[in-house]
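Here is target25.txt, consisting of compact mmCIF, N, CA and C atoms:
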# COMPACT_ATOMS: atom_id res chain seq x y z
N GLN Z 1 91.31 2.88 25.83
CA GLN Z 1 90.88 3.94 24.93
C GLN Z 1 90.89 3.44 23.50
N VAL Z 2 89.85 3.74 22.77
CA VAL Z 2 89.73 3.30 21.38
C VAL Z 2 90.52 4.25 20.49
N ARG Z 3 91.30 3.70 19.60
CA ARG Z 3 91.99 4.53 18.60
C ARG Z 3 91.14 4.60 17.34
N LEU Z 4 91.09 5.79 16.78
CA LEU Z 4 90.24 6.04 15.61
C LEU Z 4 91.09 6.52 14.45
N ALA Z 5 90.78 6.05 13.26
CA ALA Z 5 91.52 6.44 12.06
C ALA Z 5 90.52 6.84 10.98
N GLU Z 6 90.63 8.09 10.51
CA GLU Z 6 89.73 8.58 9.47
C GLU Z 6 90.37 8.46 8.10
N SER Z 7 89.52 8.39 7.11
CA SER Z 7 89.96 8.44 5.72
C SER Z 7 88.79 8.92 4.87
N GLY Z 8 89.11 9.25 3.61
CA GLY Z 8 88.06 9.59 2.67
C GLY Z 8 87.91 11.06 2.36
N GLY Z 9 88.68 11.91 3.01
CA GLY Z 9 88.60 13.32 2.69
C GLY Z 9 89.20 13.60 1.32
N GLY Z 10 89.00 14.83 0.87
CA GLY Z 10 89.54 15.20 -0.42
C GLY Z 10 88.96 16.52 -0.89
N SER Z 11 89.18 16.80 -2.17
CA SER Z 11 88.69 18.04 -2.77
C SER Z 11 87.64 17.72 -3.82
N VAL Z 12 86.51 18.41 -3.74
CA VAL Z 12 85.44 18.22 -4.71
C VAL Z 12 84.85 19.57 -5.06
N GLN Z 13 84.11 19.61 -6.13
CA GLN Z 13 83.38 20.81 -6.49
C GLN Z 13 82.03 20.82 -5.80
N ALA Z 14 81.49 22.01 -5.65
CA ALA Z 14 80.18 22.14 -5.04
C ALA Z 14 79.16 21.25 -5.75
N GLY Z 15 78.33 20.61 -4.97
CA GLY Z 15 77.36 19.68 -5.51
C GLY Z 15 77.84 18.24 -5.54
N GLY Z 16 79.12 18.05 -5.31
CA GLY Z 16 79.69 16.72 -5.33
C GLY Z 16 79.48 15.96 -4.03
N SER Z 17 80.07 14.77 -3.96
CA SER Z 17 79.90 13.89 -2.81
C SER Z 17 81.23 13.34 -2.35
N LEU Z 18 81.29 13.03 -1.08
CA LEU Z 18 82.42 12.33 -0.49
C LEU Z 18 81.89 11.39 0.58
N ARG Z 19 82.64 10.33 0.83
CA ARG Z 19 82.30 9.44 1.94
C ARG Z 19 83.50 9.32 2.86
N LEU Z 20 83.31 9.72 4.08
CA LEU Z 20 84.35 9.60 5.09
C LEU Z 20 84.18 8.29 5.85
N SER Z 21 85.31 7.72 6.25
CA SER Z 21 85.30 6.49 7.04
C SER Z 21 86.07 6.72 8.33
N CYS Z 22 85.61 6.10 9.38
CA CYS Z 22 86.30 6.14 10.67
C CYS Z 22 86.32 4.72 11.21
N THR Z 23 87.52 4.18 11.33
CA THR Z 23 87.67 2.81 11.79
C THR Z 23 88.24 2.80 13.21
N ALA Z 24 87.54 2.12 14.10
CA ALA Z 24 88.01 1.97 15.46
C ALA Z 24 89.05 0.86 15.52
N SER Z 25 89.94 0.97 16.48
CA SER Z 25 91.07 0.05 16.56
C SER Z 25 90.66 -1.38 16.87
N GLU Z 26 89.48 -1.54 17.41
CA GLU Z 26 89.02 -2.88 17.70
C GLU Z 26 87.51 -2.92 17.60
N TYR Z 27 87.02 -4.09 17.27
CA TYR Z 27 85.58 -4.27 17.21
C TYR Z 27 85.12 -4.83 18.54
N THR Z 28 84.11 -4.21 19.07
CA THR Z 28 83.56 -4.67 20.33
C THR Z 28 82.05 -4.60 20.28
N TYR Z 29 81.42 -5.52 20.97
CA TYR Z 29 79.97 -5.49 21.02
C TYR Z 29 79.47 -4.40 21.96
N ARG Z 30 80.40 -3.82 22.70
CA ARG Z 30 80.00 -2.75 23.61
C ARG Z 30 79.64 -1.52 22.77
N ARG Z 31 78.47 -1.03 22.95
CA ARG Z 31 78.00 0.09 22.13
C ARG Z 31 78.75 1.36 22.48
N LYS Z 32 78.93 2.17 21.47
CA LYS Z 32 79.59 3.46 21.62
C LYS Z 32 78.78 4.52 20.89
N CYS Z 33 78.99 5.74 21.33
CA CYS Z 33 78.51 6.88 20.56
C CYS Z 33 79.68 7.30 19.67
N MET Z 34 79.52 7.21 18.38
CA MET Z 34 80.58 7.59 17.43
C MET Z 34 80.03 8.59 16.44
N GLY Z 35 80.90 9.41 15.91
CA GLY Z 35 80.42 10.36 14.92
C GLY Z 35 81.49 11.33 14.49
N TRP Z 36 81.03 12.45 13.97
CA TRP Z 36 81.92 13.38 13.32
C TRP Z 36 81.72 14.80 13.82
N PHE Z 37 82.86 15.47 14.00
CA PHE Z 37 82.90 16.90 14.20
C PHE Z 37 83.64 17.50 13.01
N ARG Z 38 83.51 18.79 12.87
CA ARG Z 38 84.33 19.48 11.88
C ARG Z 38 84.74 20.85 12.42
N GLN Z 39 85.85 21.32 11.89
CA GLN Z 39 86.33 22.64 12.29
C GLN Z 39 86.98 23.32 11.10
N ALA Z 40 86.44 24.46 10.75
CA ALA Z 40 86.99 25.28 9.68
C ALA Z 40 87.92 26.32 10.27
N PRO Z 41 88.88 26.81 9.52
CA PRO Z 41 89.80 27.82 10.03
C PRO Z 41 89.06 29.03 10.57
N GLY Z 42 89.40 29.42 11.78
CA GLY Z 42 88.79 30.60 12.39
C GLY Z 42 87.40 30.38 12.96
N LYS Z 43 86.93 29.14 12.91
CA LYS Z 43 85.58 28.85 13.41
C LYS Z 43 85.65 27.83 14.54
N GLU Z 44 84.59 27.79 15.33
CA GLU Z 44 84.51 26.82 16.41
C GLU Z 44 84.24 25.42 15.87
N ARG Z 45 84.65 24.44 16.64
CA ARG Z 45 84.34 23.06 16.29
C ARG Z 45 82.83 22.85 16.32
N GLU Z 46 82.35 22.08 15.38
CA GLU Z 46 80.90 21.88 15.21
C GLU Z 46 80.61 20.39 15.10
N GLY Z 47 79.63 19.90 15.86
CA GLY Z 47 79.18 18.54 15.71
C GLY Z 47 78.42 18.38 14.40
N VAL Z 48 78.64 17.27 13.72
CA VAL Z 48 78.00 17.03 12.43
C VAL Z 48 76.95 15.94 12.54
N ALA Z 49 77.36 14.77 13.02
CA ALA Z 49 76.45 13.65 13.12
C ALA Z 49 77.00 12.64 14.12
N SER Z 50 76.08 11.92 14.76
CA SER Z 50 76.48 10.87 15.70
C SER Z 50 75.60 9.65 15.50
N ILE Z 51 76.11 8.51 15.95
CA ILE Z 51 75.36 7.27 15.84
C ILE Z 51 75.70 6.38 17.02
N VAL Z 52 74.72 5.66 17.51
CA VAL Z 52 74.97 4.66 18.54
C VAL Z 52 75.27 3.36 17.82
N THR Z 53 76.48 2.87 17.96
CA THR Z 53 76.86 1.66 17.24
C THR Z 53 76.01 0.48 17.70
N GLY Z 54 75.62 -0.35 16.75
CA GLY Z 54 74.79 -1.50 17.04
C GLY Z 54 73.29 -1.21 17.04
N LEU Z 55 72.93 0.05 16.97
CA LEU Z 55 71.52 0.45 16.89
C LEU Z 55 71.32 1.32 15.65
N ALA Z 56 70.13 1.57 15.30
CA ALA Z 56 69.83 2.45 14.16
C ALA Z 56 69.55 3.86 14.63
N SER Z 57 70.28 4.29 15.63
CA SER Z 57 70.02 5.61 16.24
C SER Z 57 71.05 6.60 15.73
N ALA Z 58 70.63 7.47 14.84
CA ALA Z 58 71.52 8.47 14.25
C ALA Z 58 70.98 9.86 14.52
N TYR Z 59 71.88 10.79 14.70
CA TYR Z 59 71.50 12.16 15.02
C TYR Z 59 72.34 13.11 14.17
N TYR Z 60 71.73 14.23 13.78
CA TYR Z 60 72.38 15.15 12.86
C TYR Z 60 72.30 16.58 13.34
N GLY Z 61 73.36 17.31 13.07
CA GLY Z 61 73.33 18.74 13.27
C GLY Z 61 72.60 19.42 12.12
N ASP Z 62 72.26 20.67 12.32
CA ASP Z 62 71.47 21.38 11.31
C ASP Z 62 72.17 21.42 9.96
N SER Z 63 73.49 21.54 9.96
CA SER Z 63 74.21 21.65 8.70
C SER Z 63 74.21 20.34 7.91
N ALA Z 64 73.93 19.23 8.57
CA ALA Z 64 74.01 17.93 7.93
C ALA Z 64 72.65 17.38 7.51
N LYS Z 65 71.61 17.87 8.10
CA LYS Z 65 70.28 17.30 7.84
C LYS Z 65 69.92 17.39 6.37
N GLY Z 66 69.48 16.26 5.84
CA GLY Z 66 69.04 16.21 4.45
C GLY Z 66 70.14 16.01 3.43
N ARG Z 67 71.40 16.17 3.85
CA ARG Z 67 72.50 16.03 2.89
C ARG Z 67 73.49 14.94 3.30
N PHE Z 68 73.68 14.74 4.59
CA PHE Z 68 74.65 13.78 5.08
C PHE Z 68 73.94 12.60 5.71
N THR Z 69 74.58 11.43 5.61
CA THR Z 69 74.04 10.23 6.24
C THR Z 69 75.16 9.52 6.98
N ILE Z 70 74.93 9.23 8.24
CA ILE Z 70 75.91 8.48 9.03
C ILE Z 70 75.42 7.04 9.14
N SER Z 71 76.38 6.12 9.04
CA SER Z 71 76.04 4.71 9.14
C SER Z 71 77.21 3.96 9.76
N GLN Z 72 76.97 2.70 10.08
CA GLN Z 72 78.00 1.92 10.78
C GLN Z 72 77.99 0.49 10.27
N ASP Z 73 79.20 -0.05 10.14
CA ASP Z 73 79.35 -1.46 9.80
C ASP Z 73 80.49 -2.01 10.64
N LYS Z 74 80.16 -2.83 11.62
CA LYS Z 74 81.14 -3.38 12.56
C LYS Z 74 81.91 -2.22 13.21
N ASN Z 75 83.22 -2.18 13.02
CA ASN Z 75 83.99 -1.17 13.73
C ASN Z 75 84.28 0.07 12.89
N THR Z 76 83.53 0.27 11.82
CA THR Z 76 83.71 1.44 10.96
C THR Z 76 82.42 2.25 10.89
N VAL Z 77 82.57 3.55 11.05
CA VAL Z 77 81.45 4.48 10.88
C VAL Z 77 81.71 5.31 9.64
N TYR Z 78 80.68 5.50 8.86
CA TYR Z 78 80.78 6.24 7.61
C TYR Z 78 79.96 7.52 7.68
N LEU Z 79 80.43 8.52 6.94
CA LEU Z 79 79.65 9.74 6.76
C LEU Z 79 79.55 9.99 5.26
N GLN Z 80 78.40 9.72 4.70
CA GLN Z 80 78.16 10.00 3.28
C GLN Z 80 77.70 11.44 3.17
N MET Z 81 78.45 12.22 2.42
CA MET Z 81 78.14 13.64 2.28
C MET Z 81 77.79 13.93 0.83
N ASN Z 82 76.58 14.36 0.62
CA ASN Z 82 76.09 14.71 -0.71
C ASN Z 82 75.78 16.20 -0.80
N SER Z 83 75.64 16.68 -2.00
CA SER Z 83 75.30 18.09 -2.24
C SER Z 83 76.22 19.01 -1.44
N LEU Z 84 77.50 18.74 -1.53
CA LEU Z 84 78.47 19.50 -0.74
C LEU Z 84 78.50 20.96 -1.17
N LYS Z 85 78.75 21.80 -0.18
CA LYS Z 85 78.81 23.25 -0.38
C LYS Z 85 80.18 23.76 0.05
N PRO Z 86 80.59 24.90 -0.45
CA PRO Z 86 81.88 25.45 -0.01
C PRO Z 86 81.96 25.62 1.51
N GLU Z 87 80.85 25.92 2.14
CA GLU Z 87 80.86 26.08 3.60
C GLU Z 87 81.04 24.78 4.36
N ASP Z 88 81.04 23.65 3.65
CA ASP Z 88 81.36 22.37 4.27
C ASP Z 88 82.87 22.15 4.38
N THR Z 89 83.64 23.03 3.79
CA THR Z 89 85.09 22.91 3.85
C THR Z 89 85.56 23.01 5.30
N ALA Z 90 86.28 21.98 5.74
CA ALA Z 90 86.74 21.91 7.13
C ALA Z 90 87.60 20.67 7.31
N MET Z 91 88.23 20.61 8.46
CA MET Z 91 88.85 19.36 8.90
C MET Z 91 87.77 18.58 9.64
N TYR Z 92 87.60 17.34 9.26
CA TYR Z 92 86.58 16.50 9.86
C TYR Z 92 87.25 15.50 10.81
N TYR Z 93 86.73 15.43 12.02
CA TYR Z 93 87.29 14.56 13.05
C TYR Z 93 86.27 13.53 13.49
N CYS Z 94 86.73 12.32 13.64
CA CYS Z 94 85.91 11.27 14.21
C CYS Z 94 86.11 11.26 15.72
N ALA Z 95 85.04 10.97 16.45
CA ALA Z 95 85.13 10.93 17.90
C ALA Z 95 84.20 9.86 18.44
N SER Z 96 84.56 9.31 19.59
CA SER Z 96 83.71 8.29 20.18
C SER Z 96 83.73 8.38 21.69
N HIS Z 97 82.69 7.81 22.29
CA HIS Z 97 82.57 7.77 23.75
C HIS Z 97 81.69 6.58 24.09
N PHE Z 98 82.02 5.89 25.18
CA PHE Z 98 81.18 4.78 25.60
C PHE Z 98 79.93 5.24 26.34
N ASP Z 99 79.90 6.48 26.74
CA ASP Z 99 78.71 7.02 27.40
C ASP Z 99 77.68 7.35 26.33
N LEU Z 100 76.61 6.60 26.30
CA LEU Z 100 75.60 6.78 25.26
C LEU Z 100 74.60 7.87 25.59
N SER Z 101 74.57 8.30 26.84
CA SER Z 101 73.52 9.23 27.27
C SER Z 101 73.63 10.58 26.57
N GLY Z 102 74.83 10.90 26.09
CA GLY Z 102 74.98 12.20 25.45
C GLY Z 102 74.97 12.17 23.94
N CYS Z 103 74.55 11.04 23.38
CA CYS Z 103 74.66 10.87 21.93
C CYS Z 103 73.58 11.61 21.15
N ARG Z 104 72.44 11.82 21.76
CA ARG Z 104 71.38 12.57 21.07
C ARG Z 104 71.86 13.98 20.77
N TYR Z 105 71.31 14.54 19.70
CA TYR Z 105 71.71 15.88 19.31
C TYR Z 105 71.56 16.85 20.48
N GLY Z 106 72.61 17.61 20.72
CA GLY Z 106 72.62 18.54 21.83
C GLY Z 106 73.14 17.98 23.13
N GLY Z 107 73.37 16.68 23.18
CA GLY Z 107 73.88 16.06 24.39
C GLY Z 107 75.36 16.29 24.59
N SER Z 108 75.89 15.64 25.63
CA SER Z 108 77.26 15.92 26.02
C SER Z 108 78.28 15.55 24.93
N TRP Z 109 77.99 14.50 24.17
CA TRP Z 109 78.91 14.15 23.09
C TRP Z 109 79.04 15.32 22.12
N TRP Z 110 77.92 15.99 21.84
CA TRP Z 110 77.91 17.09 20.91
C TRP Z 110 78.67 18.30 21.45
N LEU Z 111 78.90 18.32 22.74
CA LEU Z 111 79.68 19.39 23.33
C LEU Z 111 81.16 19.05 23.39
N GLY Z 112 81.52 17.92 22.81
CA GLY Z 112 82.92 17.53 22.76
C GLY Z 112 83.34 16.61 23.89
N ASN Z 113 82.37 16.11 24.65
CA ASN Z 113 82.68 15.19 25.75
C ASN Z 113 82.88 13.79 25.18
N THR Z 114 84.08 13.57 24.66
CA THR Z 114 84.39 12.27 24.08
C THR Z 114 85.71 11.79 24.69
N ASN Z 115 85.99 10.52 24.57
CA ASN Z 115 87.26 10.04 25.11
C ASN Z 115 88.20 9.52 24.04
N SER Z 116 87.81 9.61 22.79
CA SER Z 116 88.70 9.23 21.71
C SER Z 116 88.47 10.15 20.53
N TRP Z 117 89.58 10.57 19.92
CA TRP Z 117 89.52 11.43 18.74
C TRP Z 117 90.46 10.88 17.68
N GLY Z 118 90.05 11.03 16.43
CA GLY Z 118 90.95 10.72 15.33
C GLY Z 118 91.82 11.92 15.00
N GLN Z 119 92.68 11.73 14.03
CA GLN Z 119 93.62 12.79 13.64
C GLN Z 119 92.99 13.79 12.67
N GLY Z 120 91.90 13.43 12.06
CA GLY Z 120 91.21 14.34 11.16
C GLY Z 120 91.50 14.05 9.70
N THR Z 121 90.54 14.42 8.87
CA THR Z 121 90.70 14.32 7.42
C THR Z 121 90.12 15.58 6.79
N GLN Z 122 90.84 16.14 5.85
CA GLN Z 122 90.45 17.43 5.28
C GLN Z 122 89.44 17.25 4.16
N VAL Z 123 88.41 18.07 4.20
CA VAL Z 123 87.42 18.15 3.13
C VAL Z 123 87.44 19.58 2.58
N THR Z 124 87.63 19.69 1.28
CA THR Z 124 87.65 21.00 0.64
C THR Z 124 86.64 21.00 -0.51
N VAL Z 125 85.72 21.94 -0.47
CA VAL Z 125 84.69 22.05 -1.49
C VAL Z 125 84.86 23.38 -2.20
N SER Z 126 85.06 23.33 -3.50
CA SER Z 126 85.27 24.54 -4.28
C SER Z 126 84.00 24.93 -5.02
N SER Z 127 83.84 26.22 -5.21
CA SER Z 127 82.62 26.71 -5.87
C SER Z 127 82.77 26.71 -7.38
Output the file's structure as structure tokens, nothing else.
Amino acid sequence: QVRLAESGGGSVQAGGSLRLSCTASEYTYRRKCMGWFRQAPGKEREGVASIVTGLASAYYGDSAKGRFTISQDKNTVYLQMNSLKPEDTAMYYCASHFDLSGCRYGGSWWLGNTNSWGQGTQVTVSS
């Protein structure tokens, strides 16, 4: 099982930017579906973005399109978040799975079918 460690959360004002990082415990050439979920208090967990490591295949949820960009460098996946809004406030979790078939938006990965989760990093956006 891959261990994941997130960093980069914090507090910003609306319109600001943050970059989240998720580092896997080991680098492997074996491709994975990696990405980010978020969960705000009292709300359901929501998929944000996913990427197939080693390929340029990235997928976004509706809340992320046009504002967030997911990318990967070796064993680290990044989520660049721009034009942040108060409704982006949530705990952000990194997740990964070796099953690539569910990585496309709406697939099994987006339903939480992952085999590794990070501890989460808090993002707070003030108005």
Subject >> Best match for closeness to Z:Glu6 among Z:Val52, Z:Asn113, Z:Tyr93, Z:Arg30, counting all atoms listed in the file >> reply: Z:Tyr93
Original post:
Z:Asp62, Z:Asp88, Z:Glu26, Z:Asp73: which is nearest Z:Gln39, counting all atoms listed in the file?
Top reply: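 Looking at the shortest contact to Z:Gln39, the residue is Z:Asp88.
Considering only N, CA and C atoms, the residue among Z:Ala40, Z:Val125, Z:Val48, Z:Leu111 positioned nearest to Z:Gln13 is Z:Val125.
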Original post:
atom CA of Z:Gly47 and atom CA of Z:Cys22 are how many Å apart?
Top reply: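 We find that atom CA of Z:Gly47 and atom CA of Z:Cys22 lie 15.2 Å from each other.
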**OP:** With a distance cut-off of 5 Å and all atoms listed in the file, select the neighbouring residues of Z:Ser96, excluding the residue or stretch itself and same-chain residues fewer than 6 positions from it, and output the selection as a PyMOL selection string.
**Re:** chain Z and resi 33-34+114-116
